[in-house]
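Coordinates from query05.pdb are shown below (PDB, C-alpha atoms and all ligand atoms).
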```pdb
ATOM      1  CA  MET A 196      15.261 -10.181   1.892
ATOM      2  CA  ASN A 197      13.513 -11.878  -0.968
ATOM      3  CA  LEU A 198      10.950  -9.249  -1.939
ATOM      4  CA  GLU A 199       9.554 -10.993  -4.983
ATOM      5  CA  ILE A 200       6.738  -9.632  -7.105
ATOM      6  CA  THR A 201       4.139 -12.235  -8.084
ATOM      7  CA  HIS A 202       2.845 -11.959 -11.618
ATOM      8  CA  ALA A 203      -0.792 -12.837 -12.054
ATOM      9  CA  GLN A 204      -3.204 -13.079 -14.924
ATOM     10  CA  PHE A 205      -5.462 -10.062 -15.382
ATOM     11  CA  GLY A 206      -8.668 -10.442 -13.397
ATOM     12  CA  VAL A 207      -7.385 -13.207 -11.110
ATOM     13  CA  ARG A 208      -7.592 -12.409  -7.390
ATOM     14  CA  PRO A 209      -5.421 -14.769  -5.345
ATOM     15  CA  PRO A 210      -6.294 -15.226  -1.649
ATOM     16  CA  VAL A 211      -4.729 -12.591   0.623
ATOM     17  CA  SER A 212      -3.400 -12.968   4.158
ATOM     18  CA  LYS A 213      -3.226  -9.974   6.473
ATOM     19  CA  PRO A 214       0.160  -9.046   7.930
ATOM     20  CA  ILE A 215       0.999 -10.851  11.195
ATOM     21  CA  PRO A 216       0.313  -8.846  14.416
ATOM     22  CA  GLU A 217       4.052  -8.597  15.128
ATOM     23  CA  PHE A 218       4.433  -6.208  12.189
ATOM     24  CA  LEU A 219       2.414  -3.465  13.903
ATOM     25  CA  ILE A 220       3.964  -4.235  17.288
ATOM     26  CA  GLU A 221       7.480  -3.893  15.887
ATOM     27  CA  VAL A 222       6.949  -0.988  13.486
ATOM     28  CA  THR A 223       4.364   0.892  15.627
ATOM     29  CA  GLU A 224       1.607   3.173  14.324
ATOM     30  CA  GLY A 225       4.028   6.075  14.007
ATOM     31  CA  GLY A 226       6.414   3.912  12.016
ATOM     32  CA  ILE A 227       3.625   2.881   9.632
ATOM     33  CA  ARG A 228       2.633   6.540   9.111
ATOM     34  CA  GLU A 229       6.261   7.369   8.386
ATOM     35  CA  MET A 230       6.620   4.476   5.927
ATOM     36  CA  ILE A 231       3.426   5.455   4.068
ATOM     37  CA  SER A 232       4.510   9.092   3.944
ATOM     38  CA  LYS A 233       7.832   8.088   2.403
ATOM     39  CA  HIS A 234       6.061   5.787  -0.070
ATOM     40  CA  TYR A 235       3.816   8.621  -1.232
ATOM     41  CA  ASP A 236       6.822  10.968  -1.467
ATOM     42  CA  SER A 237       8.556   8.519  -3.781
ATOM     43  CA  ILE A 238       5.344   8.053  -5.791
ATOM     44  CA  ARG A 239       5.299  11.811  -6.332
ATOM     45  CA  VAL A 240       8.515  11.681  -8.350
ATOM     46  CA  SER A 241       7.745   8.394 -10.128
ATOM     47  CA  GLU A 242       6.092   7.437 -13.407
ATOM     48  CA  ILE A 243       2.785   6.788 -11.577
ATOM     49  CA  ALA A 244       2.640  10.301 -10.069
ATOM     50  CA  HIS A 245      -0.026  11.361 -12.573
ATOM     51  CA  ILE A 246      -2.725   9.123 -11.059
ATOM     52  CA  PHE A 247      -2.268  10.598  -7.544
ATOM     53  CA  PRO A 248      -3.525  13.988  -6.292
ATOM     54  CA  LYS A 249      -1.518  16.981  -7.521
ATOM     55  CA  ASP A 250      -2.774  19.388  -4.887
ATOM     56  CA  GLU A 251      -0.432  19.496  -1.869
ATOM     57  CA  LYS A 252      -3.222  19.360   0.718
ATOM     58  CA  GLU A 253      -5.013  16.500  -1.029
ATOM     59  CA  PHE A 254      -1.729  14.653  -1.320
ATOM     60  CA  GLU A 255      -1.047  14.985   2.413
ATOM     61  CA  GLN A 256      -4.605  13.862   3.163
ATOM     62  CA  ALA A 257      -4.068  10.830   0.930
ATOM     63  CA  LYS A 258      -1.116   9.848   3.133
ATOM     64  CA  VAL A 259      -3.333  10.026   6.221
ATOM     65  CA  ASN A 260      -6.123   7.973   4.625
ATOM     66  CA  SER A 261      -3.738   5.366   3.399
ATOM     67  CA  ALA A 262      -1.879   5.088   6.720
ATOM     68  CA  ASP A 263      -5.238   4.813   8.512
ATOM     69  CA  PHE A 264      -6.024   1.824   6.325
ATOM     70  CA  PHE A 265      -2.687   0.092   6.768
ATOM     71  CA  ILE A 266      -2.717   0.509  10.558
ATOM     72  CA  GLN A 267      -6.208  -0.984  10.566
ATOM     73  CA  ILE A 268      -5.347  -3.952   8.341
ATOM     74  CA  CYS A 269      -2.287  -4.630  10.503
ATOM     75  CA  GLY A 270      -4.543  -5.093  13.538
ATOM     76  CA  GLY A 271      -4.610  -1.554  14.930
ATOM     77  CA  PRO A 272      -7.586   0.745  15.600
ATOM     78  CA  ALA A 273     -10.233   1.027  12.862
ATOM     79  CA  TYR A 274      -9.158   4.539  11.812
ATOM     80  CA  PHE A 275     -10.075   4.031   8.179
ATOM     81  CA  ASN A 276     -13.587   2.768   8.834
ATOM     82  CA  LYS A 277     -14.143   5.653  11.222
ATOM     83  CA  ASN A 278     -12.831   8.375   8.894
ATOM     84  CA  ARG A 279     -13.644   7.012   5.438
ATOM     85  CA  GLY A 280     -16.182   4.224   5.857
ATOM     86  CA  ALA A 281     -16.002   0.672   4.536
ATOM     87  CA  PRO A 282     -12.667  -0.017   2.802
ATOM     88  CA  GLN A 283     -14.073  -1.277  -0.543
ATOM     89  CA  MET A 284     -10.593  -1.035  -1.956
ATOM     90  CA  ILE A 285     -11.421  -2.294  -5.427
ATOM     91  CA  GLY A 286     -14.161   0.300  -5.838
ATOM     92  CA  ARG A 287     -12.005   3.100  -4.451
ATOM     93  CA  HIS A 288      -9.276   2.286  -6.964
ATOM     94  CA  ALA A 289     -11.677   1.958  -9.883
ATOM     95  CA  PRO A 290     -11.408   5.624 -10.995
ATOM     96  CA  PHE A 291      -7.658   5.194 -11.552
ATOM     97  CA  ARG A 292      -5.995   3.407 -14.438
ATOM     98  CA  ILE A 293      -3.915   0.755 -12.699
ATOM     99  CA  ASP A 294      -2.161  -1.717 -14.989
ATOM    100  CA  ALA A 295       0.426  -4.398 -14.177
ATOM    101  CA  LYS A 296       3.268  -1.937 -14.766
ATOM    102  CA  ALA A 297       1.779   0.674 -12.400
ATOM    103  CA  ARG A 298       1.371  -2.012  -9.737
ATOM    104  CA  GLU A 299       4.979  -3.067 -10.192
ATOM    105  CA  THR A 300       6.220   0.521  -9.823
ATOM    106  CA  TRP A 301       4.037   0.984  -6.727
ATOM    107  CA  LEU A 302       5.491  -2.195  -5.188
ATOM    108  CA  GLU A 303       9.092  -1.396  -6.164
ATOM    109  CA  LEU A 304       8.822   1.866  -4.236
ATOM    110  CA  TYR A 305       8.118  -0.109  -1.058
ATOM    111  CA  LYS A 306      11.267  -2.216  -1.320
ATOM    112  CA  PRO A 307      13.828   0.341  -0.031
ATOM    113  CA  LEU A 308      11.432   1.264   2.787
ATOM    114  CA  LEU A 309      11.178  -2.330   3.979
ATOM    115  CA  GLU A 310      14.963  -2.705   3.744
ATOM    116  CA  GLU A 311      15.295   0.431   5.851
ATOM    117  CA  LEU A 312      12.955  -1.034   8.492
ATOM    118  CA  LYS A 313      15.026  -4.209   8.497
ATOM    119  CA  GLU A 314      18.145  -2.200   9.188
ATOM    120  CA  SER A 315      16.358  -0.470  12.045
ATOM    121  CA  GLY A 316      15.695  -3.869  13.664
ATOM    122  CA  VAL A 317      12.270  -5.007  12.422
ATOM    123  CA  THR A 318      12.310  -8.784  11.975
ATOM    124  CA  GLU A 319      12.398 -10.292   8.519
ATOM    125  CA  ARG A 320       9.424 -12.481   9.426
ATOM    126  CA  SER A 321       7.234  -9.420  10.069
ATOM    127  CA  LEU A 322       8.496  -7.604   7.001
ATOM    128  CA  MET A 323       7.920 -10.624   4.760
ATOM    129  CA  SER A 324       4.382 -10.948   6.051
ATOM    130  CA  PHE A 325       3.684  -7.289   5.252
ATOM    131  CA  TRP A 326       5.288  -7.689   1.835
ATOM    132  CA  GLY A 327       3.153 -10.776   1.194
ATOM    133  CA  TYR A 328       0.062  -8.687   1.833
ATOM    134  CA  LEU A 329       1.193  -5.847  -0.457
ATOM    135  CA  ASN A 330       2.352  -8.205  -3.177
ATOM    136  CA  ILE A 331      -0.905 -10.142  -3.348
ATOM    137  CA  PHE A 332      -3.507  -7.518  -2.530
ATOM    138  CA  SER A 333      -2.007  -5.115  -5.062
ATOM    139  CA  ILE A 334      -2.908  -7.694  -7.749
ATOM    140  CA  TRP A 335      -6.542  -7.033  -6.817
ATOM    141  CA  MET A 336      -6.141  -3.322  -7.592
ATOM    142  CA  VAL A 337      -5.071  -3.904 -11.197
ATOM    143  CA  ASN A 338      -8.090  -2.822 -13.234
ATOM    144  CA  THR A 339      -6.588  -2.095 -16.642
ATOM    145  CA  GLN A 340      -5.001  -4.522 -19.100
ATOM    146  CA  SER A 341      -1.499  -3.554 -20.223
TER     147      SER A 341
HETATM  148  C1  LIG B 401      -1.990  -3.505  -1.291
HETATM  149  C2  LIG B 401      -2.521  -2.756  -2.244
HETATM  150  C3  LIG B 401      -3.115  -1.412  -2.001
HETATM  151  C4  LIG B 401      -3.708  -0.912  -0.888
HETATM  152  C5  LIG B 401      -3.964  -1.614   0.430
HETATM  153  C6  LIG B 401      -4.095   0.452  -1.189
HETATM  154  C7  LIG B 401      -4.728   1.290  -0.310
HETATM  155  C8  LIG B 401      -5.227   2.530  -0.611
HETATM  156  C9  LIG B 401      -6.017   3.347   0.273
HETATM  157  C10 LIG B 401      -6.391   2.997   1.688
HETATM  158  C11 LIG B 401      -6.346   4.476  -0.381
HETATM  159  C12 LIG B 401      -7.182   5.627   0.159
HETATM  160  C13 LIG B 401      -8.611   5.472  -0.280
HETATM  161  C14 LIG B 401      -9.552   6.505   0.284
HETATM  162  O1  LIG B 401      -9.296   7.044   1.349
HETATM  163  O2  LIG B 401     -10.583   6.775  -0.352
HETATM  164  C15 LIG B 401      -5.759   4.374  -1.700
HETATM  165  C16 LIG B 401      -5.882   5.322  -2.663
HETATM  166  C17 LIG B 401      -5.224   5.270  -3.871
HETATM  167  N1  LIG B 401      -4.451   4.241  -4.335
HETATM  168 FE1  LIG B 401      -4.109   2.517  -3.398
HETATM  169  N2  LIG B 401      -3.726   0.758  -2.460
HETATM  170  C18 LIG B 401      -3.121  -0.345  -2.992
HETATM  171  C19 LIG B 401      -2.588  -0.462  -4.251
HETATM  172  C20 LIG B 401      -2.503   0.566  -5.141
HETATM  173  C21 LIG B 401      -1.803   0.491  -6.385
HETATM  174  C22 LIG B 401      -1.064  -0.738  -6.909
HETATM  175  C23 LIG B 401      -1.972   1.720  -6.985
HETATM  176  C24 LIG B 401      -1.467   2.209  -8.304
HETATM  177  C25 LIG B 401      -0.342   1.845  -8.818
HETATM  178  C26 LIG B 401      -2.776   2.537  -6.103
HETATM  179  C27 LIG B 401      -3.197   3.821  -6.372
HETATM  180  C28 LIG B 401      -4.005   4.578  -5.571
HETATM  181  C29 LIG B 401      -4.506   5.886  -5.927
HETATM  182  C30 LIG B 401      -4.246   6.625  -7.226
HETATM  183  C31 LIG B 401      -5.286   6.317  -4.861
HETATM  184  C32 LIG B 401      -6.053   7.661  -4.752
HETATM  185  C33 LIG B 401      -5.230   8.709  -4.145
HETATM  186  C34 LIG B 401      -5.046   8.486  -2.713
HETATM  187  O3  LIG B 401      -6.009   8.688  -1.931
HETATM  188  O4  LIG B 401      -3.929   8.067  -2.349
HETATM  189  N3  LIG B 401      -3.063   1.804  -4.983
HETATM  190  N4  LIG B 401      -5.088   3.178  -1.806
END
```

I'd like the structure from this file rewritten - as structure tokens, please.
Amino acid sequence: MNLEITHAQFGVRPPVSKPIPEFLIEVTEGGIREMISKHYDSIRVSEIAHIFPKDEKEFEQAKVNSADFFIQICGGPAYFNKNRGAPQMIGRHAPFRIDAKARETWLELYKPLLEELKESGVTERSLMSFWGYLNIFSIWMVNTQS
């Protein structure tokens, strides 16, 4: 799979497309929760660990909040809006120092998880559409110049 990372100029927000509905159908809600949990677990032992919660309970809650969001953006129930309110992702990320390098690390940690899903039978078309969303929307979260 060609999981390319797009490099963008600081402050530029390219248009984002949501993942196609087949992604949620194929991966299922449980599969998305599992993928997010694994992503957070790899964040915990990465160079961006310091910007995430250190407390075990908070860290587990962060997985839930994040999975709620991703299920919602993939066309599932509005768990995030119900539990956390309006997404306002840029604002929610504002307290954290996210530079281009942090974004790249965050994205890199998704790659083995998407490869794993491919091996378990999820179509490349669905995976590429999810990757497209991550790749582009993560540019929007960069709030600090390298
Ligand atoms: C596609 C791009 C991204 C999406 C959709 C996303 C989504 C989310 C969501 C839903 C939350 C929970 C917010 C809340 O409940 O208040 C969150 C929190 C957070 N995100 Fe992101 N994020 C993205 C990119 C990034 C990147 C690139 C970084 C840093 C490298 C990052 C770092 C954080 C941190 C530090 C938190 C707070 C701790 C936590 O609740 O997990 N995010 N993100």

>> From the options A:Gln340, A:Ser333, A:Ser241, A:Ser321, which residue's atoms come nearest to ligand LIG 401 (chain B), counting all atoms listed in the file?
In response: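 Using all atoms listed in the file, ligand LIG 401 (chain B) sits closest to A:Ser333.
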
>> List the spatial neighbours of range 278-285 of chain A as a list in words - criterion: any atom at most 8 Å away, only C-alpha atoms, same-chain residues fewer than 6 positions off excluded.
In response: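 Near range 278-285 of chain A, the qualifying residues are Asn260, Phe264, Trp335 and Met336 of chain A.
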
> So which residues are near ligand LIG 401 (chain B), meaning at most 9 Å away with only C-alpha atoms and all ligand atoms counted, given back as JSON, numbers by chain?
Replying inline: {"A": [235, 238, 243, 244, 245, 246, 247, 248, 253, 254, 255, 256, 257, 258, 259, 260, 261, 262, 263, 264, 265, 268, 275, 278, 279, 280, 282, 283, 284, 285, 287, 288, 290, 291, 292, 293, 294, 295, 296, 297, 298, 299, 300, 301, 302, 326, 328, 329, 330, 331, 332, 333, 334, 335, 336, 337]}

> When distances are computed from all atoms listed in the file, which of A:Lys252, A:Lys277, A:Lys313, A:Lys306 shows the smallest separation from His234 in chain A?
Replying inline: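 Going through A:Lys252, A:Lys277, A:Lys313, A:Lys306 one by one, the smallest distance to His234 in chain A is for A:Lys306.
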
>> So the first atom is CA of Thr339 in chain A and the second is CA of Gln204 in chain A; what is the distance between them in Å, to one decimal place?
In response: 11.6 Å

> With only C-alpha atoms as the atoms that count, which of A:Thr201, A:Ser341, A:Ser315, A:Ser324 lies nearest to Glu217 in chain A?
Replying inline: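 Among the listed residues, the smallest separation from Glu217 in chain A belongs to A:Ser324.
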
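Across the chains present, the PyMOL selection byres (((chain A and resi 219-225) around 9) and not hetatm) applied to this file returns Pro214, Ile215, Pro216, Glu217, Phe218, Gly226, Ile227, Arg228, Glu229, Met230, Ala262, Ile266, Cys269, Gly270, Gly271, Leu312, Gly316, Val317, Thr318 and Ser321 of chain A.
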
> Hey, can you check how far CA of Gly327 in chain A sits from CA of His202 in chain A?
Replying inline: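 Between these atoms lies a distance of 12.9 Å.
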